[in-house]
>>> print(open('my_file.cif').read())   # mmCIF, C-alpha atoms
data_start
#
loop_
_atom_site.label_atom_id
_atom_site.label_comp_id
_atom_site.auth_asym_id
_atom_site.auth_seq_id
_atom_site.Cartn_x
_atom_site.Cartn_y
_atom_site.Cartn_z
CA MET A 490 79.06 6.29 -35.30
CA SER A 491 82.14 4.15 -34.89
CA THR A 492 83.84 4.45 -38.24
CA ALA A 493 85.15 6.87 -40.80
CA ALA A 494 85.24 5.94 -44.47
CA PRO A 495 88.01 3.50 -45.48
CA ARG A 496 90.30 4.69 -48.20
CA THR A 497 89.90 3.34 -51.71
CA ILE A 498 92.79 2.15 -53.89
CA GLY A 499 92.67 0.60 -57.34
CA PRO A 500 91.40 -3.00 -57.62
CA ASP A 501 94.75 -4.32 -58.83
CA HIS A 502 96.69 -2.88 -55.90
CA LEU A 503 98.44 -5.52 -53.79
CA TRP A 504 98.09 -4.26 -50.26
CA SER A 505 100.81 -4.78 -47.72
CA VAL A 506 99.91 -6.06 -44.25
CA ASP A 507 100.82 -2.68 -42.80
CA GLU A 508 98.68 -0.74 -45.30
CA HIS A 509 95.63 -2.86 -44.62
CA LEU A 510 96.05 -2.60 -40.84
CA GLU A 511 96.68 1.15 -41.05
CA ASP A 512 93.47 1.59 -43.04
CA ILE A 513 91.47 -0.37 -40.48
CA LEU A 514 92.84 1.53 -37.50
CA ALA A 515 92.40 4.87 -39.25
CA THR A 516 88.75 4.01 -39.88
CA VAL A 517 87.58 2.38 -36.64
CA ARG A 518 86.77 4.79 -33.83
CA PRO A 519 86.49 4.09 -30.07
CA LEU A 520 82.94 3.56 -28.83
CA GLU A 521 81.20 6.40 -27.03
CA PRO A 522 81.52 6.33 -23.22
CA ILE A 523 78.62 5.24 -21.03
CA GLU A 524 77.97 4.98 -17.29
CA LEU A 525 77.85 1.37 -16.07
CA GLN A 526 77.32 -0.47 -12.82
CA LEU A 527 80.58 -1.87 -11.46
CA LEU A 528 80.13 -5.51 -12.42
CA ASP A 529 78.86 -4.53 -15.86
CA ALA A 530 82.03 -2.47 -16.32
CA GLN A 531 84.40 -5.44 -15.91
CA GLY A 532 86.77 -5.57 -18.87
CA CYS A 533 85.93 -2.01 -19.91
CA VAL A 534 88.28 0.97 -20.15
CA LEU A 535 87.94 3.99 -17.88
CA VAL A 536 87.50 7.31 -19.69
CA GLU A 537 88.24 9.55 -16.71
CA ASP A 538 90.42 9.60 -13.63
CA VAL A 539 88.75 8.38 -10.44
CA THR A 540 89.51 10.39 -7.28
CA VAL A 541 89.23 8.93 -3.79
CA PRO A 542 86.34 10.61 -1.90
CA VAL A 543 87.12 9.00 1.46
CA SER A 544 90.36 7.63 2.88
CA LEU A 545 91.00 3.89 3.05
CA PRO A 546 90.78 2.72 5.68
CA PRO A 547 88.45 5.52 6.83
CA PHE A 548 89.53 5.08 10.47
CA ASP A 549 92.30 3.43 12.49
CA ASN A 550 91.39 -0.25 12.84
CA SER A 551 92.77 -3.50 14.12
CA SER A 552 94.51 -5.95 11.81
CA MET A 553 94.19 -8.77 14.38
CA ASP A 554 91.71 -10.36 16.73
CA GLY A 555 92.99 -9.42 20.17
CA TYR A 556 92.89 -6.69 22.78
CA ALA A 557 93.16 -2.92 22.39
CA VAL A 558 95.35 -1.59 25.19
CA ARG A 559 97.57 1.28 26.31
CA VAL A 560 101.28 0.75 25.62
CA ALA A 561 102.32 1.54 29.21
CA ASP A 562 100.00 -1.13 30.58
CA VAL A 563 101.77 -3.98 28.75
CA ALA A 564 105.34 -2.67 29.00
CA GLY A 565 107.63 -5.49 30.16
CA ALA A 566 104.87 -8.11 30.02
CA SER A 567 106.07 -11.74 29.78
CA GLU A 568 104.77 -15.23 30.45
CA GLU A 569 106.48 -15.15 33.83
CA PHE A 570 105.18 -11.69 34.69
CA PRO A 571 102.02 -11.11 32.63
CA ALA A 572 100.13 -7.83 32.65
CA ALA A 573 96.68 -8.24 34.19
CA LEU A 574 94.09 -5.92 32.65
CA GLU A 575 90.38 -5.33 33.18
CA VAL A 576 88.30 -6.16 30.07
CA VAL A 577 85.78 -3.37 29.60
CA GLY A 578 83.88 -4.81 26.64
CA ASP A 579 83.99 -5.77 22.97
CA VAL A 580 84.73 -3.69 19.89
CA ALA A 581 83.37 -5.39 16.78
CA ALA A 582 83.69 -4.47 13.11
CA GLY A 583 80.93 -2.05 12.14
CA GLN A 584 80.44 -0.82 15.69
CA SER A 585 79.78 2.92 15.87
CA GLU A 586 79.56 3.60 19.61
CA LEU A 587 83.04 2.99 21.01
CA LEU A 588 83.94 2.41 24.63
CA HIS A 589 86.95 4.15 26.18
CA VAL A 590 90.10 2.29 27.24
CA GLY A 591 91.64 3.77 30.35
CA PRO A 592 94.71 2.88 32.44
CA GLY A 593 94.79 -0.80 33.38
CA GLN A 594 92.00 -1.61 30.95
CA ALA A 595 91.66 -3.57 27.69
CA ALA A 596 88.92 -3.89 25.09
CA ARG A 597 88.47 -7.16 23.23
CA ILE A 598 88.73 -6.14 19.57
CA MET A 599 88.00 -7.93 16.31
CA THR A 600 89.83 -7.65 12.99
CA GLY A 601 88.63 -4.55 11.12
CA ALA A 602 87.08 -2.95 14.18
CA PRO A 603 87.93 0.70 14.92
CA LEU A 604 90.63 1.35 17.51
CA PRO A 605 88.72 2.67 20.56
CA PRO A 606 89.60 5.98 22.21
CA GLY A 607 92.37 5.68 24.77
CA ALA A 608 93.88 2.55 23.19
CA GLU A 609 97.31 2.88 21.56
CA THR A 610 98.05 -0.58 20.29
CA VAL A 611 96.62 -4.08 19.78
CA VAL A 612 97.96 -7.30 21.27
CA PRO A 613 96.93 -10.46 19.34
CA VAL A 614 94.74 -12.88 21.30
CA GLU A 615 97.53 -15.47 20.94
CA TRP A 616 99.67 -13.30 23.25
CA THR A 617 97.05 -13.58 26.00
CA ASP A 618 95.13 -16.12 28.05
CA GLY A 619 91.89 -15.02 26.40
CA GLY A 620 90.48 -14.28 29.84
CA LEU A 621 90.58 -17.95 30.83
CA GLY A 622 93.57 -17.80 33.19
CA GLU A 623 95.06 -20.96 31.74
CA GLY A 624 98.04 -19.69 29.70
CA PRO A 625 98.30 -18.58 26.04
CA VAL A 626 95.31 -19.40 23.81
CA THR A 627 95.05 -19.88 20.06
CA GLY A 628 91.85 -17.93 19.50
CA MET A 629 88.73 -16.35 20.93
CA ARG A 630 85.59 -18.14 21.94
CA ALA A 631 82.47 -17.14 20.04
CA ARG A 632 80.57 -14.39 21.83
CA SER A 633 77.31 -16.32 21.48
CA LEU A 634 78.84 -19.26 23.33
CA ALA A 635 80.80 -17.30 25.95
CA PRO A 636 79.47 -13.74 26.37
CA GLU A 637 81.44 -13.44 29.61
CA GLY A 638 84.60 -13.08 27.51
CA ALA A 639 83.74 -9.41 27.03
CA GLY A 640 84.36 -8.80 30.73
CA GLY A 641 86.55 -10.02 33.53
CA GLN A 642 90.31 -10.00 33.40
CA VAL A 643 92.85 -10.86 30.70
CA HIS A 644 96.53 -11.68 31.13
CA VAL A 645 98.92 -10.36 28.45
CA TYR A 646 102.19 -12.26 28.02
CA ARG A 647 104.05 -9.96 25.60
CA GLN A 648 104.56 -6.24 25.33
CA ALA A 649 103.52 -4.32 22.21
CA GLU A 650 104.90 -1.23 20.55
CA ALA A 651 102.71 1.77 19.84
CA ARG A 652 100.41 1.29 16.83
CA ALA A 653 101.31 -2.40 16.52
CA HIS A 654 98.67 -4.34 14.55
CA VAL A 655 96.84 -1.11 13.76
CA ARG A 656 95.92 -0.16 10.21
CA ALA A 657 96.23 3.62 10.09
CA LYS A 658 93.52 5.78 8.57
CA GLY A 659 94.46 6.54 4.95
CA SER A 660 97.32 3.99 4.92
CA ASP A 661 95.88 2.48 1.71
CA VAL A 662 94.73 5.64 -0.09
CA LYS A 663 93.90 9.10 1.16
CA ALA A 664 90.94 11.27 0.28
CA GLY A 665 91.83 13.32 -2.80
CA ASP A 666 94.29 10.75 -4.15
CA ARG A 667 93.86 9.44 -7.69
CA ALA A 668 92.59 5.90 -7.35
CA LEU A 669 92.62 4.91 -11.03
CA GLU A 670 93.74 6.66 -14.21
CA ALA A 671 91.77 7.08 -17.39
CA GLY A 672 92.70 4.25 -19.74
CA THR A 673 92.73 1.62 -17.01
CA VAL A 674 91.12 -1.71 -17.93
CA LEU A 675 88.80 -2.69 -15.09
CA GLY A 676 89.60 -6.12 -13.70
CA PRO A 677 88.55 -7.69 -10.38
CA SER A 678 91.05 -5.76 -8.27
CA GLN A 679 90.16 -2.41 -9.85
CA ILE A 680 86.46 -3.08 -9.31
CA ALA A 681 87.23 -3.96 -5.69
CA LEU A 682 88.95 -0.60 -5.24
CA LEU A 683 86.06 1.29 -6.81
CA ALA A 684 83.60 -0.44 -4.52
CA ALA A 685 85.83 0.21 -1.49
CA ILE A 686 85.81 3.95 -2.12
CA GLY A 687 82.05 3.98 -2.58
CA ARG A 688 81.72 4.14 -6.36
CA GLY A 689 78.70 2.16 -7.56
CA THR A 690 78.98 3.24 -11.20
CA VAL A 691 81.82 4.33 -13.43
CA ARG A 692 82.17 5.98 -16.83
CA VAL A 693 83.79 3.67 -19.37
CA ARG A 694 83.93 2.76 -23.00
CA PRO A 695 81.77 -0.37 -23.28
CA ARG A 696 83.08 -3.69 -24.47
CA PRO A 697 82.35 -3.87 -28.20
CA ARG A 698 79.71 -6.28 -29.44
CA VAL A 699 81.22 -8.47 -32.15
CA VAL A 700 79.10 -10.70 -34.38
CA VAL A 701 80.97 -13.62 -35.96
CA LEU A 702 79.48 -15.26 -39.03
CA SER A 703 80.94 -18.14 -41.04
CA THR A 704 79.85 -19.02 -44.58
CA GLY A 705 79.85 -22.23 -46.55
CA SER A 706 77.26 -24.84 -47.51
CA GLU A 707 79.76 -27.53 -46.58
CA LEU A 708 79.81 -26.51 -42.91
CA VAL A 709 78.09 -28.59 -40.24
CA GLN A 710 77.69 -27.81 -36.55
CA PRO A 711 79.68 -29.93 -34.07
CA ASP A 712 77.75 -32.94 -32.70
CA GLU A 713 75.87 -33.32 -35.98
CA GLU A 714 76.57 -36.16 -38.39
CA LEU A 715 78.78 -35.42 -41.38
CA ALA A 716 77.62 -36.28 -44.87
CA ASP A 717 79.94 -36.71 -47.85
CA GLY A 718 81.80 -33.51 -48.66
CA GLN A 719 80.96 -31.82 -45.36
CA ILE A 720 83.22 -30.54 -42.59
CA TYR A 721 82.60 -29.17 -39.13
CA ASP A 722 82.37 -25.41 -38.67
CA SER A 723 85.41 -24.53 -36.56
CA ASN A 724 85.99 -20.96 -37.71
CA SER A 725 82.97 -19.41 -36.03
CA PHE A 726 83.96 -21.03 -32.73
CA ALA A 727 87.61 -20.00 -33.03
CA LEU A 728 86.87 -16.40 -33.94
CA THR A 729 84.13 -15.96 -31.34
CA ALA A 730 86.50 -17.26 -28.68
CA ALA A 731 89.26 -14.99 -30.01
CA ALA A 732 86.95 -11.97 -29.91
CA ARG A 733 86.06 -12.69 -26.29
CA ASP A 734 89.74 -13.13 -25.49
CA ALA A 735 90.36 -9.70 -27.02
CA GLY A 736 87.81 -8.16 -24.63
CA ALA A 737 84.65 -8.12 -26.73
CA ILE A 738 81.15 -9.38 -26.10
CA ALA A 739 80.99 -11.85 -28.97
CA TYR A 740 77.99 -13.48 -30.62
CA ARG A 741 78.43 -16.56 -32.77
CA VAL A 742 75.93 -16.85 -35.60
CA GLY A 743 77.35 -20.01 -37.11
CA ALA A 744 77.41 -21.24 -40.66
CA VAL A 745 75.32 -19.67 -43.41
CA ALA A 746 74.87 -21.49 -46.73
CA ASP A 747 76.43 -20.20 -49.95
CA ASP A 748 73.38 -18.19 -50.94
CA ALA A 749 73.72 -14.44 -51.33
CA GLU A 750 70.12 -13.65 -50.35
CA THR A 751 70.30 -15.77 -47.18
CA LEU A 752 73.66 -14.30 -46.24
CA ARG A 753 72.49 -10.76 -46.90
CA SER A 754 69.37 -11.23 -44.80
CA THR A 755 71.37 -12.78 -41.94
CA ILE A 756 73.87 -9.93 -41.88
CA GLU A 757 71.12 -7.29 -41.92
CA ASP A 758 69.38 -9.05 -39.01
CA GLN A 759 72.59 -9.01 -36.98
CA LEU A 760 73.42 -5.32 -37.45
CA VAL A 761 71.18 -4.33 -34.55
CA ARG A 762 73.49 -5.99 -32.01
CA ALA A 763 76.87 -5.33 -33.64
CA ASP A 764 79.59 -2.77 -33.09
CA LEU A 765 81.78 -4.87 -35.40
CA MET A 766 80.99 -7.72 -37.76
CA VAL A 767 83.39 -10.47 -38.78
CA THR A 768 82.71 -12.92 -41.58
CA THR A 769 84.87 -15.85 -42.56
CA GLY A 770 84.83 -17.52 -45.96
CA GLY A 771 83.55 -16.46 -49.33
CA VAL A 772 86.12 -13.74 -50.08
CA SER A 773 88.23 -15.43 -52.75
CA VAL A 774 87.57 -15.70 -56.49
CA GLY A 775 85.48 -18.89 -56.67
CA ALA A 776 82.03 -19.11 -58.22
CA TYR A 777 80.50 -19.87 -54.79
CA ASP A 778 82.32 -17.14 -52.85
CA VAL A 779 79.11 -15.20 -52.17
CA VAL A 780 80.27 -12.76 -49.49
CA LYS A 781 81.27 -10.18 -52.10
CA GLU A 782 77.92 -10.49 -53.83
CA ALA A 783 75.92 -10.30 -50.61
CA LEU A 784 77.78 -7.37 -49.08
CA SER A 785 77.22 -5.21 -52.12
CA TYR A 786 73.53 -5.04 -51.15
CA VAL A 787 73.63 -4.88 -47.35
CA GLY A 788 72.13 -1.90 -45.49
CA ASP A 789 71.60 1.55 -46.93
CA GLU A 790 73.60 1.67 -50.13
CA ASP A 791 73.11 5.42 -50.40
CA GLU A 792 74.80 6.13 -47.09
CA ALA A 793 78.03 8.03 -47.69
CA GLY A 794 81.04 6.00 -46.72
CA SER A 795 79.24 2.63 -46.70
CA GLY A 796 80.58 -0.36 -48.57
CA VAL A 797 83.07 -3.18 -48.25
CA GLU A 798 86.21 -3.34 -50.37
CA PHE A 799 87.79 -6.70 -51.17
CA ARG A 800 91.56 -6.75 -51.40
CA LYS A 801 94.55 -8.91 -52.05
CA LEU A 802 97.29 -8.69 -49.45
CA ALA A 803 100.96 -9.52 -49.79
CA MET A 804 100.79 -12.09 -47.01
CA GLN A 805 100.58 -15.84 -46.47
CA PRO A 806 98.23 -17.17 -45.25
CA GLY A 807 95.39 -14.70 -45.69
CA LYS A 808 95.82 -13.10 -49.10
CA PRO A 809 92.10 -12.35 -49.72
CA GLN A 810 90.62 -9.83 -47.27
CA GLY A 811 87.63 -7.53 -47.11
CA PHE A 812 87.08 -4.39 -45.08
CA GLY A 813 84.57 -1.57 -44.92
CA SER A 814 81.37 -0.47 -43.22
CA ILE A 815 77.77 -1.49 -43.71
CA GLY A 816 74.34 -0.19 -42.87
CA PRO A 817 73.11 3.26 -41.89
CA ASP A 818 75.23 3.22 -38.72
CA HIS A 819 78.39 2.37 -40.67
CA ILE A 820 79.14 -0.77 -38.69
CA PRO A 821 82.71 -1.85 -39.50
CA LEU A 822 83.00 -5.25 -41.13
CA LEU A 823 86.08 -7.37 -41.68
CA ALA A 824 85.70 -10.24 -44.14
CA LEU A 825 88.30 -12.93 -43.53
CA PRO A 826 89.27 -15.93 -45.66
CA GLY A 827 87.71 -19.32 -44.91
CA ASN A 828 90.72 -21.54 -44.39
CA PRO A 829 91.01 -22.04 -40.62
CA VAL A 830 94.62 -20.90 -40.20
CA SER A 831 94.12 -17.99 -42.60
CA SER A 832 91.08 -16.77 -40.70
CA TYR A 833 92.77 -17.05 -37.30
CA VAL A 834 95.99 -15.33 -38.41
CA SER A 835 93.91 -12.62 -40.05
CA PHE A 836 91.95 -12.16 -36.84
CA GLU A 837 95.12 -11.72 -34.78
CA LEU A 838 96.61 -9.24 -37.23
CA PHE A 839 93.54 -7.17 -38.09
CA VAL A 840 90.40 -7.92 -36.05
CA ARG A 841 91.95 -8.00 -32.60
CA PRO A 842 93.51 -4.51 -33.05
CA ALA A 843 90.13 -3.25 -34.29
CA ILE A 844 88.38 -4.61 -31.20
CA ARG A 845 90.98 -3.07 -28.91
CA THR A 846 90.61 0.25 -30.73
CA LEU A 847 86.83 0.18 -30.24
CA MET A 848 87.51 -0.36 -26.52
CA GLY A 849 89.63 2.80 -26.42
CA LEU A 850 92.90 1.08 -25.55
CA GLU A 851 96.18 2.72 -26.46
CA ASP A 852 98.16 -0.48 -27.04
CA VAL A 853 96.05 -2.59 -29.41
CA HIS A 854 98.68 -5.03 -30.67
CA ARG A 855 99.97 -8.37 -29.47
CA PRO A 856 103.47 -8.11 -27.99
CA ARG A 857 106.38 -8.86 -30.32
CA THR A 858 109.92 -9.96 -29.65
CA ARG A 859 113.01 -11.32 -31.38
CA ALA A 860 113.83 -14.99 -31.03
CA THR A 861 116.36 -17.53 -32.25
CA LEU A 862 114.92 -19.99 -34.75
CA VAL A 863 115.30 -23.62 -33.71
CA ALA A 864 114.45 -25.90 -36.63
CA ASP A 865 115.69 -28.98 -38.47
CA GLU A 866 115.88 -27.10 -41.76
CA ALA A 867 115.58 -23.62 -43.19
CA LEU A 868 112.18 -21.94 -43.40
CA THR A 869 111.20 -20.96 -46.93
CA SER A 870 108.84 -18.13 -47.85
CA PRO A 871 107.32 -16.94 -51.15
CA LYS A 872 108.85 -13.84 -52.71
CA GLY A 873 107.01 -10.63 -51.97
CA ARG A 874 104.79 -12.12 -49.26
CA ARG A 875 105.00 -11.63 -45.51
CA GLN A 876 104.59 -15.11 -44.12
CA PHE A 877 103.18 -15.98 -40.71
CA LEU A 878 104.11 -19.45 -39.49
CA ARG A 879 102.89 -21.05 -36.29
CA GLY A 880 105.44 -21.66 -33.57
CA THR A 881 106.11 -22.25 -29.90
CA TYR A 882 108.18 -19.69 -28.01
CA ALA A 883 110.20 -20.16 -24.82
CA ASP A 884 113.37 -18.67 -23.33
CA GLY A 885 114.24 -16.57 -26.39
CA GLU A 886 113.82 -19.46 -28.86
CA VAL A 887 111.01 -20.24 -31.29
CA ARG A 888 110.25 -23.58 -32.93
CA PRO A 889 107.93 -24.05 -35.93
CA VAL A 890 104.78 -26.11 -35.39
CA GLY A 891 103.35 -27.87 -38.42
CA GLY A 892 103.77 -26.65 -41.98
CA ALA A 893 102.71 -23.60 -43.94
CA GLY A 894 99.34 -25.00 -45.03
CA SER A 895 96.35 -22.82 -44.21
CA HIS A 896 94.23 -25.83 -43.22
CA LEU A 897 96.46 -27.23 -40.44
CA ILE A 898 94.24 -26.67 -37.39
CA ALA A 899 95.99 -29.22 -35.19
CA ALA A 900 99.30 -27.37 -35.52
CA LEU A 901 97.57 -24.09 -34.69
CA ALA A 902 96.19 -25.57 -31.47
CA HIS A 903 99.73 -26.17 -30.20
CA ALA A 904 101.16 -22.79 -31.21
CA ASP A 905 101.60 -19.81 -28.90
CA ALA A 906 103.40 -17.55 -31.36
CA LEU A 907 103.51 -16.47 -34.99
CA ILE A 908 106.87 -16.53 -36.75
CA VAL A 909 107.12 -13.52 -39.09
CA VAL A 910 109.12 -13.92 -42.30
CA PRO A 911 109.42 -10.53 -44.07
CA GLU A 912 108.45 -9.96 -47.69
CA ASP A 913 112.05 -9.66 -48.89
CA VAL A 914 113.27 -12.85 -47.19
CA ARG A 915 113.08 -16.15 -49.09
CA SER A 916 114.80 -18.38 -46.54
CA VAL A 917 115.54 -18.31 -42.80
CA GLU A 918 118.30 -20.62 -41.55
CA PRO A 919 118.22 -22.35 -38.15
CA GLY A 920 119.97 -20.18 -35.57
CA ALA A 921 118.88 -16.93 -37.22
CA GLU A 922 117.14 -14.24 -35.22
CA ILE A 923 113.57 -13.62 -36.32
CA GLU A 924 110.54 -11.59 -35.28
CA VAL A 925 107.83 -13.35 -33.27
CA VAL A 926 104.26 -12.31 -32.40
CA LEU A 927 103.35 -13.69 -28.96
CA LEU A 928 99.80 -15.03 -28.80
CA GLY A 929 99.64 -16.14 -25.17
#
>>> encode(input="my_file.cif", output="structure tokens")
Amino acid sequence: MSTAAPRTIGPDHLWSVDEHLEDILATVRPLEPIELQLLDAQGCVLVEDVTVPVSLPPFDNSSMDGYAVRVADVAGASEEFPAALEVVGDVAAGQSELLHVGPGQAARIMTGAPLPPGAETVVPVEWTDGGLGEGPVTGMRARSLAPEGAGGQVHVYRQAEARAHVRAKGSDVKAGDRALEAGTVLGPSQIALLAAIGRGTVRVRPRPRVVVLSTGSELVQPDEELADGQIYDSNSFALTAAARDAGAIAYRVGAVADDAETLRSTIEDQLVRADLMVTTGGVSVGAYDVVKEALSYVGDEDEAGSGVEFRKLAMQPGKPQGFGSIGPDHIPLLALPGNPVSSYVSFELFVRPAIRTLMGLEDVHRPRTRATLVADEALTSPKGRRQFLRGTYADGEVRPVGGAGSHLIAALAHADALIVVPEDVRSVEPGAEIEVVLLG
């Protein structure tokens, strides 16, 4: 199970933003760890330290295409007085049987190939005549086209220090070292390291599966024709994208009509693939706000701890909120308001931290900073409400974008920050320092 029971407070209680968030984070539990193949583990969080079983690189190898030689044999070499060495063969990457380089000898070696016994350094092919006897070359000829390059004589025009152009065994990581710590989020470079040390699977907390469901008979899918009184469903797209951005595997259900039975049936059908459910719309006090009605019947009502509580929060936008768990597996559900800005701000403040908690991350919040307000006039805020205004942040300054209306999607599209006006502040003058939540 992923949740504990949310706390219950009287129906007339006006919740603060912090109380509501604290209740969510105290209820949601990280998902149980599982073993996944490397590519399936991308974006997941490690639950245990990973120790290096074999050093990287596992043997001394060349970092250049060139010739493996003894240092003494190229000492003092120059274009005027090149060192002439006998080429005893090729050393290619992946080759297991290595030839020996003796005095006056050189082995043609490829990048990544093991340094052969007897050799002490590598001279790049550009420092040689490539065995052609015609001065410095820019590269090697393909073996298939010129197999004779693996024999004959090569002239070296520059001396090389010991171990030059040699990647030492264990110079990246050594056997027994800790490759990755528990709590690491696995991105491309971490997966590359795991593969390089031979790990095909890894134990992680899986990415949570989030089902996003919007409600409203007025909602129409994009690309369909609008009738009178209809609008396009943007919330389900915005929140699904936001859930994926937070690290979840998100499923968009789309718009469900304002019918409690249809909504209830849809939610029950989706429980099988959800670690978290998010609804948007239908949480206010209107006659057609059916989410409250539908959620009172979802899943096993006799399960201890099940149920969704609908609350009023001291915030703007986003006053109406719902939170709880549903079904026999106590799947956490967050019910967000339907106005586009309200739903998105609510997601950032409450749903994103819940997703990150399910993932097992320690830091679940967006970064915050202080910034100087740049505006043409003072920002006003209702008494007793924490207001979140859209803004753009750069170089320690924040500028409001659009107004305070909860329907202003265009302004939201240009914002990369939320300007936070505290509950006890009614007005913020230009030039004042103010808290900012960074969304980028």
>>> atom_distance(input="my_file.cif", atom1="CA of Val925 in chain A", atom2="CA of Thr516 in chain A")
26.6 Å
>>> resolve_selection(input="my_file.cif", expression="the PyMOL selection byres ((chain A and resi 745) around 7)", output="list in words")
Ser703, Thr704, Gly705, Ser706, Gly743, Ala744, Ala746, Asp747 and Leu752 of chain A
>>> atom_distance(input="my_file.cif", atom1="CA of Gln531 in chain A", atom2="CA of Ala684 in chain A")
12.5 Å
>>> atom_distance(input="my_file.cif", atom1="CA of Leu683 in chain A", atom2="CA of Ala731 in chain A")
28.5 Å
>>> closest_residue(input="my_file.cif", among="A:Gly689, A:Gly672, A:Pro829, A:Pro809", to="Asn724 in chain A", atoms="all atoms listed in the file")
A:Pro829
>>> resolve_selection(input="my_file.cif", expression="the PyMOL selection byres ((chain A and resi 771) around 7)", output="ChimeraX atom specification")
/A:704,769-770,772-773,778-780,826-827
>>> closest_residue(input="my_file.cif", among="A:Gly929, A:Gly638, A:Gly807, A:Gly813", to="Phe836 in chain A", atoms="only C-alpha atoms")
A:Gly807
>>> closest_residue(input="my_file.cif", among="A:Glu757, A:Asp507, A:Asp905, A:Glu918", to="Asp818 in chain A", atoms="all atoms listed in the file")
A:Glu757
>>> resolve_selection(input="my_file.cif", expression="the PyMOL selection byres ((chain A and resi 736) around 8)", output="PyMOL selection string")
chain A and resi 532-533+696-697+732-735+737-738+844-845
>>> write_last_selection(input="my_file.cif", atoms="C-alpha atoms", output="PDB file, in the coordinates of the input")
ATOM      1  CA  GLY A 532      86.770  -5.570 -18.870  1.00  0.00           C
ATOM      2  CA  CYS A 533      85.930  -2.010 -19.910  1.00  0.00           C
ATOM      3  CA  ARG A 696      83.080  -3.690 -24.470  1.00  0.00           C
ATOM      4  CA  PRO A 697      82.350  -3.870 -28.200  1.00  0.00           C
ATOM      5  CA  ALA A 732      86.950 -11.970 -29.910  1.00  0.00           C
ATOM      6  CA  ARG A 733      86.060 -12.690 -26.290  1.00  0.00           C
ATOM      7  CA  ASP A 734      89.740 -13.130 -25.490  1.00  0.00           C
ATOM      8  CA  ALA A 735      90.360  -9.700 -27.020  1.00  0.00           C
ATOM      9  CA  ALA A 737      84.650  -8.120 -26.730  1.00  0.00           C
ATOM     10  CA  ILE A 738      81.150  -9.380 -26.100  1.00  0.00           C
ATOM     11  CA  ILE A 844      88.380  -4.610 -31.200  1.00  0.00           C
ATOM     12  CA  ARG A 845      90.980  -3.070 -28.910  1.00  0.00           C
TER      13      ARG A 845
END
>>> closest_residue(input="my_file.cif", among="A:Ser505, A:Thr610, A:Gln710, A:Ser585", to="Gln805 in chain A", atoms="only C-alpha atoms")
A:Ser505
>>> closest_residue(input="my_file.cif", among="A:Ser544, A:Pro613, A:Gly796, A:Ala668", to="Ile680 in chain A", atoms="all atoms listed in the file")
A:Ala668
>>> residues_around(input="my_file.cif", residues="range 558-568 of chain A", least_positions_apart="3", cutoff="10 Å", atoms="only C-alpha atoms", output="compact mmCIF listing (two decimals) with C-alpha atoms, keeping the file's coordinate frame")
# COMPACT_ATOMS: atom_id res chain seq x y z
CA GLY A 555 92.99 -9.42 20.17
CA PRO A 571 102.02 -11.11 32.63
CA ALA A 572 100.13 -7.83 32.65
CA ALA A 573 96.68 -8.24 34.19
CA LEU A 574 94.09 -5.92 32.65
CA VAL A 576 88.30 -6.16 30.07
CA VAL A 590 90.10 2.29 27.24
CA GLY A 591 91.64 3.77 30.35
CA PRO A 592 94.71 2.88 32.44
CA GLY A 593 94.79 -0.80 33.38
CA GLN A 594 92.00 -1.61 30.95
CA ALA A 595 91.66 -3.57 27.69
CA ALA A 596 88.92 -3.89 25.09
CA ARG A 597 88.47 -7.16 23.23
CA ILE A 598 88.73 -6.14 19.57
CA LEU A 604 90.63 1.35 17.51
CA PRO A 605 88.72 2.67 20.56
CA PRO A 606 89.60 5.98 22.21
CA GLY A 607 92.37 5.68 24.77
CA ALA A 608 93.88 2.55 23.19
CA GLU A 609 97.31 2.88 21.56
CA THR A 610 98.05 -0.58 20.29
CA VAL A 611 96.62 -4.08 19.78
CA VAL A 612 97.96 -7.30 21.27
CA TRP A 616 99.67 -13.30 23.25
CA THR A 617 97.05 -13.58 26.00
CA ASP A 618 95.13 -16.12 28.05
CA GLY A 624 98.04 -19.69 29.70
CA PRO A 625 98.30 -18.58 26.04
CA HIS A 644 96.53 -11.68 31.13
CA VAL A 645 98.92 -10.36 28.45
CA TYR A 646 102.19 -12.26 28.02
CA ARG A 647 104.05 -9.96 25.60
CA GLN A 648 104.56 -6.24 25.33
CA ALA A 649 103.52 -4.32 22.21
CA GLU A 650 104.90 -1.23 20.55
CA ALA A 651 102.71 1.77 19.84
CA ARG A 652 100.41 1.29 16.83
CA ALA A 653 101.31 -2.40 16.52
